[in-house]
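Working notes, beginning with the structure itself.
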Amino acid sequence: MRILSGIQPTGKMHIGNLLGAGNQYVDYQNKGDLFLMVADLHALTVLQNPKTFAEETLNKALELLAIGVDPAKCTLFVQSHVKEHSELAWILNTITPLGELERMTQYKDKSKKHRENINAGLLDYPVLMAADILLYKTDVVPVGQDQTQHLELTRTLAKKFNSLYGQTFSEPKTMLVKEGAKIMSLLEPKKKMSKSDNPDSYIAITDDAETIKRKIAKAVTDTGKDVKFDPAKKPGISNLLTIHSLFSNQKIPALEKRYKGKGYAPFKKALATLLVEKLEPFHRKYEELKRREVYVKTILSQGKERARTIAASNLEEIKEKVGLLPE
Ligand code: TYM
């Protein structure tokens, strides 16, 4: 089984990334041939600081290693190091209906948020993502819920390519976790937790104990004082219950029962303590890796070599099918 996923380098990895996708990476590296990339080209659709961008890209690899991604079990690489991604994106562009891209939720949201920079890359973002996935003839893509629409497009493009040029791609499956595929913001619990928002709206996997306690104390809860799971009426507390349940491996009804009639404060305190305990190993590993930059760069270089070999051979086949003149 071939598995591929990616994460953008900008911003810190947070518990939404971890619960929705990161834990799946760690799981899937034991189940099949996992390709995991830092999607630096995708991040360029928002203007980046060229002085710090490379460092952020390296940093994202550090965070992935810190949560347990094991380079001995998977292929960890940087998207821009494998030029075939951009090349396949171009070919897929030529079979992508513009209307499909214009209706993408993320495109609509991001073009509202970045009115001053609605660039062609922002619209084309899902095609590059389809290229990332199809380039490796991927079977399975573990992601959070916000990526499902992009994966539908990927399947549409796979089918269209196959019907135009002959069977080449299988249709990759979207893998969502049952609980935690959409962790919400701590400050605006009707919105998803996002690394590009106010840092107080998320818990980063590298946050220290004080920061975690402060952010959980500040997390928006709802009127009333019952620790009860009801996402429509109590989105704040429901989100915190989901987070607690996923980190503690306890069922939500058991948590509701334990904190019944006690108000929010003891529950929030317990959640903060739990997060401090569970994130501490990641934090420690991350600090250790920070001192081993050469080692991390070597991992990325080896990942690039392996990814390139497969990407180049698949792209050659794709170009031939399309009818491009062989070199
Ligand atoms: P990115 O960097 O926004 O997020 C990385 C992964 O984390 C998931 N995620 C969440 N899951 C649950 N709750 C949340 N609040 C939350 N926020 C983020 C995302 O769904 C994602 O799985 N376009 C992708 C990167 C990408 C990619 C790919 C992914 C590029 N090419 C090919 C899969 C396959 C992105 O921006 O993820």
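Labels used: A, B, ... for chains in the order of the structure tokens, numbers from 1 for residues in each chain, and numbers from 1 for ligands as shown.
Near stretch 23-25 of chain A, within a cut-off of 8 Å and counting only C-alpha atoms, sit the residues Ser5, Leu18, Leu19, Gln29, Leu34, Leu36, Ile67, Val69, Pro142 and Val177 of chain A, with same-chain residues fewer than 4 positions away left out.
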Generate the output file for the selected residues, C-alpha atoms, as an mmCIF file, in the first residue's frame.
```cif
data_model
loop_
_atom_site.group_PDB
_atom_site.id
_atom_site.type_symbol
_atom_site.label_atom_id
_atom_site.label_comp_id
_atom_site.auth_asym_id
_atom_site.auth_seq_id
_atom_site.Cartn_x
_atom_site.Cartn_y
_atom_site.Cartn_z
ATOM 1 C CA SER A 5 0.502 13.065 2.930
ATOM 2 C CA LEU A 18 -1.527 16.052 15.331
ATOM 3 C CA LEU A 19 -4.952 14.560 16.065
ATOM 4 C CA GLN A 29 4.458 4.226 8.497
ATOM 5 C CA LEU A 34 4.540 6.182 3.480
ATOM 6 C CA LEU A 36 5.501 12.379 3.794
ATOM 7 C CA ILE A 67 5.962 13.421 16.962
ATOM 8 C CA VAL A 69 7.762 10.046 12.214
ATOM 9 C CA PRO A 142 -4.429 10.441 5.603
ATOM 10 C CA VAL A 177 -9.814 9.706 11.844
#
```
* Dump the neighbourhood of ligand 1 as a PyMOL selection string: all residues within 8 Å, distances computed on only C-alpha atoms and all ligand atoms. => chain A and resi 4-10+14-22+37-39+42-43+125-126+128-130+132-133+141-148+150-151+180-185+192-195
* Could you tell me, as a count of residues only, which residues of stretch 75-317 of chain A DSSP assigns to alpha helix (DSSP H) when given the backbone? => 141
* Using only C-alpha atoms, find the one residue out of A:Lys173, A:Gln167, A:Lys225, A:Pro235 that sits nearest to A:Lys190. => A:Pro235
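Atom CA of A:Phe169 is positioned 8.2 Å from atom CA of A:Thr138.
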* To do: Write out as a ChimeraX atom specification the residues lying within 8 Å of A:Leu241, counting only C-alpha atoms and excluding same-chain residues fewer than 2 positions away.
  => /A:229,237-239,243-245,252,255
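Shortest atom-to-atom contact with A:Ala312 among A:Ala254, A:Ala54, A:Ala89, A:Leu135: A:Leu135, counting only C-alpha atoms.
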* To do: State, in Å with one decimal place, the distance from atom CA of A:Thr154 to atom CA of A:Leu41.
  => 17.5 Å
* Skip A:Leu123 itself and residues of its chain fewer than 4 positions away, then list as a VMD selection string all residues within 7 Å of it, counting only C-alpha atoms. => chain A and resid 101 to 102 107
Next, the residues of the selection above should be written as a PDB file, in the first residue's frame with N, CA, C and O atoms.
```
ATOM      1  N   LEU A 101     -12.161  24.460  -9.695  1.00  0.00           N
ATOM      2  CA  LEU A 101     -11.239  25.157  -8.785  1.00  0.00           C
ATOM      3  C   LEU A 101     -11.924  26.344  -8.116  1.00  0.00           C
ATOM      4  O   LEU A 101     -11.702  26.610  -6.935  1.00  0.00           O
ATOM      5  N   GLU A 102     -12.772  27.015  -8.878  1.00  0.00           N
ATOM      6  CA  GLU A 102     -13.431  28.210  -8.337  1.00  0.00           C
ATOM      7  C   GLU A 102     -14.408  27.882  -7.219  1.00  0.00           C
ATOM      8  O   GLU A 102     -14.713  28.732  -6.392  1.00  0.00           O
ATOM      9  N   TYR A 107     -10.188  27.869  -1.396  1.00  0.00           N
ATOM     10  CA  TYR A 107      -9.871  28.990  -2.288  1.00  0.00           C
ATOM     11  C   TYR A 107     -10.738  30.193  -1.939  1.00  0.00           C
ATOM     12  O   TYR A 107     -10.258  31.323  -1.829  1.00  0.00           O
TER      13      TYR A 107
END
```
* Got a sec: who's within 9 Å of A:Ile203, counting only C-alpha atoms, leaving out chain neighbours fewer than 5 positions off, as a ChimeraX atom specification? -> /A:13-16,186,211-212,215-216,275
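Backbone DSSP over stretch 27-255 of chain A gives strand (DSSP E or B) for Asp33, Leu34, Phe35, Leu36, Met37, Val38, Cys74, Thr75, Leu76, Phe77, Val78, Val140, Val141, Pro142, Lys173, Thr174, Met175, Met184, Lys192, Ala204, Asp230 and Lys234 of chain A.
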* Find the residues near A:Ala66: any atom within 6 Å, counting only C-alpha atoms, skip ones fewer than 4 places away on the same chain, and give them as a list in words. => Phe282, Lys285 and Tyr286 of chain A
